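Engineer: Pasting a structure here, questions to come.
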Amino acid sequence: MTNQQNKTQKLAKMAMLAAISLVLVLLIHFPIIPSAAFLEYDPADIPIFIGTFAFGPAAGVILTVVVSVIQGTTVSAGGQIWGIIMHIIATGSFAVAAGNIYKYNKTKKGAIIALLVGVIVMTVVMCGCNLIITPIYTGMPREAVMAMIPTAILPFNLIKAGINAVVTFILYKRISKFLHK
C-alpha cells in the first residue's frame, strides 16, 4: 500500500469517527448538574479520544476542531461561537495531554495514566476558561461563575471527562484493531 493510500485510509477513518461523534451528541445530551443546566453531558468526545489514541494528539485536535465546528453550527447551535470555542479548548486540552502520554507508552498502564491526566487537564483548563468566557457569553458576573466552580463546573468536567475516559478505555483496544488495519 502506498503512502498516499495510507493517508487516504487514515482520513476516511477519522471522518468516520467525526461522524460517530456527531451522531452521539445528537442522540445523547442532557444536563447532569441541576444548578447549571447549560452544562450538558454528551459522549461525543469518546470517538475523538479513540482517534487520538489511534492516530496521535494532532489527529485528536483536528477531530476536535472539525466536530466542534459542525456540532456548534448544527446540533448545539444555541452555544454560538462560544460553545465551539469551549468545546475546542476542553476536548483539545484532553487530546493533547492524553495523546502525548499514550503516544510514548502504548500499554494498558499508559492508557490509564493518559486518560487520568486528560481528565485532570481538561477539568483544570475548563475551570479557568469558564472564569474568562462564561461571563462574556452569558453576561453572568465573574463572581457568580467563580461561585459555580466548586458546585457545578468542577464536578461537571470531572464527571463528563471521567465517563468519556472510562468508556474510551473499555472500547479502544477493540476498535483499534479496525482502525489500524
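Labels used: A, B, ... for chains in the order of the C-alpha cells, numbers from 1 for residues in each chain, and numbers from 1 for ligands as shown.
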Near segment 4-17 of chain A, within 9 Å and counting only C-alpha atoms, which residues show up once chain neighbours fewer than 6 positions away are dropped, as a list of chain:residue names?
Structural biologist: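 Listing them by chain and then by number gives A:Pro47, A:Ile48, A:Ile50, A:Gly51, A:Phe55, A:Ala59, A:Leu63, A:Leu179, A:His180.
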Engineer: Do you know which residues are at most 6 Å from Val25 of chain A counting only C-alpha atoms, after dropping those on the same chain fewer than 4 positions away, and could you put them as a list in words?
Structural biologist: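 Those residues are His29, Asp42 and Ala44 of chain A.
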Engineer: Calculated over only C-alpha atoms, which of the candidates A:Ser35, A:Thr52, A:Ser21, A:Thr74 has the smallest distance to Ser176 of chain A?
Structural biologist: A:Thr52
Engineer: Just list the residues in segment 1-166 of chain A DSSP gives strand (DSSP E) on the backbone, as a PyMOL selection string.
Structural biologist: chain A and resi 30-31+40-41
Engineer: For Ala152 of chain A, list every protein, DNA or RNA residue within 8 Å, evaluated using only C-alpha atoms, and leave out those in the same chain fewer than 3 positions away; present the list as a short mmCIF file (atom, residue, chain, number, x, y, z; two decimals) with all heavy atoms, in the first residue's frame.
Structural biologist:
```
data_model
loop_
_atom_site.label_atom_id
_atom_site.label_comp_id
_atom_site.auth_asym_id
_atom_site.auth_seq_id
_atom_site.Cartn_x
_atom_site.Cartn_y
_atom_site.Cartn_z
N ILE A 33 -25.85 18.57 36.15
CA ILE A 33 -25.80 19.41 37.34
C ILE A 33 -27.01 20.34 37.27
O ILE A 33 -27.04 21.27 36.46
CB ILE A 33 -24.49 20.25 37.41
CG1 ILE A 33 -23.25 19.36 37.23
CG2 ILE A 33 -24.44 21.09 38.67
CD1 ILE A 33 -22.86 18.52 38.39
N SER A 35 -28.10 22.85 38.91
CA SER A 35 -27.89 24.29 39.08
C SER A 35 -27.22 24.94 37.86
O SER A 35 -27.14 26.16 37.78
CB SER A 35 -27.05 24.55 40.33
OG SER A 35 -25.76 23.98 40.18
N ALA A 36 -26.73 24.13 36.93
CA ALA A 36 -26.09 24.66 35.72
C ALA A 36 -26.54 23.83 34.53
O ALA A 36 -25.77 23.06 33.95
CB ALA A 36 -24.58 24.63 35.88
N MET A 148 -19.71 29.09 41.08
CA MET A 148 -20.16 27.85 40.45
C MET A 148 -19.05 26.82 40.27
O MET A 148 -19.33 25.64 40.05
CB MET A 148 -20.77 28.14 39.07
CG MET A 148 -22.09 28.87 39.10
SD MET A 148 -22.66 29.27 37.44
CE MET A 148 -22.80 27.66 36.70
N ILE A 149 -17.81 27.25 40.38
CA ILE A 149 -16.71 26.31 40.12
C ILE A 149 -16.78 25.09 41.03
O ILE A 149 -16.82 23.96 40.53
CB ILE A 149 -15.34 27.02 40.16
CG1 ILE A 149 -15.21 27.87 38.90
CG2 ILE A 149 -14.20 26.00 40.25
CD1 ILE A 149 -13.94 28.65 38.76
N PRO A 155 -17.30 19.69 39.23
CA PRO A 155 -17.88 18.35 39.17
C PRO A 155 -18.35 17.95 37.77
O PRO A 155 -18.18 16.80 37.36
CB PRO A 155 -19.05 18.38 40.15
CG PRO A 155 -19.14 19.75 40.69
CD PRO A 155 -17.99 20.54 40.18
N PHE A 156 -18.92 18.90 37.03
CA PHE A 156 -19.38 18.59 35.68
C PHE A 156 -18.23 18.09 34.81
O PHE A 156 -18.35 17.06 34.14
CB PHE A 156 -20.03 19.81 35.02
CG PHE A 156 -20.26 19.62 33.55
CD1 PHE A 156 -21.33 18.87 33.10
CD2 PHE A 156 -19.38 20.15 32.61
CE1 PHE A 156 -21.54 18.65 31.74
CE2 PHE A 156 -19.58 19.95 31.25
CZ PHE A 156 -20.66 19.20 30.81
#
```
Engineer: Which one of A:Phe169, A:Val125, A:Val23, A:Leu131 sits closest to Ile112 of chain A if you count only C-alpha atoms?
Structural biologist: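 Smallest distance to Ile112 of chain A is found for A:Phe169.
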Engineer: Have a look at A:Ile163, A:Lys173, A:Gly110, A:Trp82 and name the one nearest to Ile132 of chain A; count only C-alpha atoms.
Structural biologist: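 Counting only C-alpha atoms, the residue closest to Ile132 of chain A is A:Trp82.
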Engineer: Rank A:Ala18, A:Ile136, A:Ile120, A:Leu26 by their smallest atom-to-atom distance to Gly162 of chain A, using only C-alpha atoms, and report the top residue only.
Structural biologist: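 Counting only C-alpha atoms, the residue closest to Gly162 of chain A is A:Ile120.
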Engineer: Can you check which residues of chain A DSSP gives as helix (DSSP H, G or I) on the backbone and send them as a VMD selection string?
Structural biologist: chain A and resid 3 to 27 34 to 36 45 to 55 57 to 73 77 to 104 108 to 138 142 to 179
Engineer: Could you tell me which of A:Ala19, A:Leu171, A:Ala37, A:Leu27 comes closest to Thr64 of chain A if we count only C-alpha atoms?
Structural biologist: A:Ala19
Engineer: Calculated over only C-alpha atoms, which of the candidates A:Leu154, A:Ile84, A:Ile159, A:Ala165 has the smallest distance to Gly118 of chain A?
Structural biologist: A:Ala165
Engineer: Could you check how far atom CA of Ile32 of chain A sits from atom CA of Gln71 of chain A, in Å to one decimal?
Structural biologist: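 Atom-to-atom, atom CA of Ile32 of chain A to atom CA of Gln71 of chain A, that is 19.6 Å.
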Engineer: Take atom CA of Phe94 of chain A and atom CA of Met122 of chain A and report the distance between them in Å, one decimal.
Structural biologist: 5.3 Å
Engineer: Would you work out the distance separating atom CA of Ile70 of chain A from atom CA of Ala95 of chain A, expressed in Å to one decimal?
Structural biologist: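 Going from atom CA of Ile70 of chain A over to atom CA of Ala95 of chain A, I get 18.2 Å.
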Engineer: For Leu115 of chain A, please output as a list in words all residues within 7 Å (counting only C-alpha atoms; exclusion window: fewer than 4 positions along the same chain).
Structural biologist: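 Neighbouring residues, sequence-local ones excluded: Ala98, Ala111, Val119 and Ala165 of chain A.
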Engineer: For N, CA and C atoms, I'd like the residues from the last selection saved as a compact mmCIF listing (two decimals), in the first residue's frame.
Structural biologist:
```
# COMPACT_ATOMS: atom_id res chain seq x y z
N ALA A 98 -3.56 13.67 26.94
CA ALA A 98 -3.65 12.21 26.91
C ALA A 98 -2.94 11.63 25.69
N ALA A 111 -2.29 3.87 29.01
CA ALA A 111 -3.62 4.37 28.66
C ALA A 111 -4.32 4.92 29.90
N VAL A 119 -8.28 13.80 31.99
CA VAL A 119 -9.41 14.24 32.83
C VAL A 119 -9.00 15.43 33.69
N ALA A 165 -13.66 9.05 29.48
CA ALA A 165 -12.36 8.36 29.58
C ALA A 165 -12.55 6.88 29.87
```
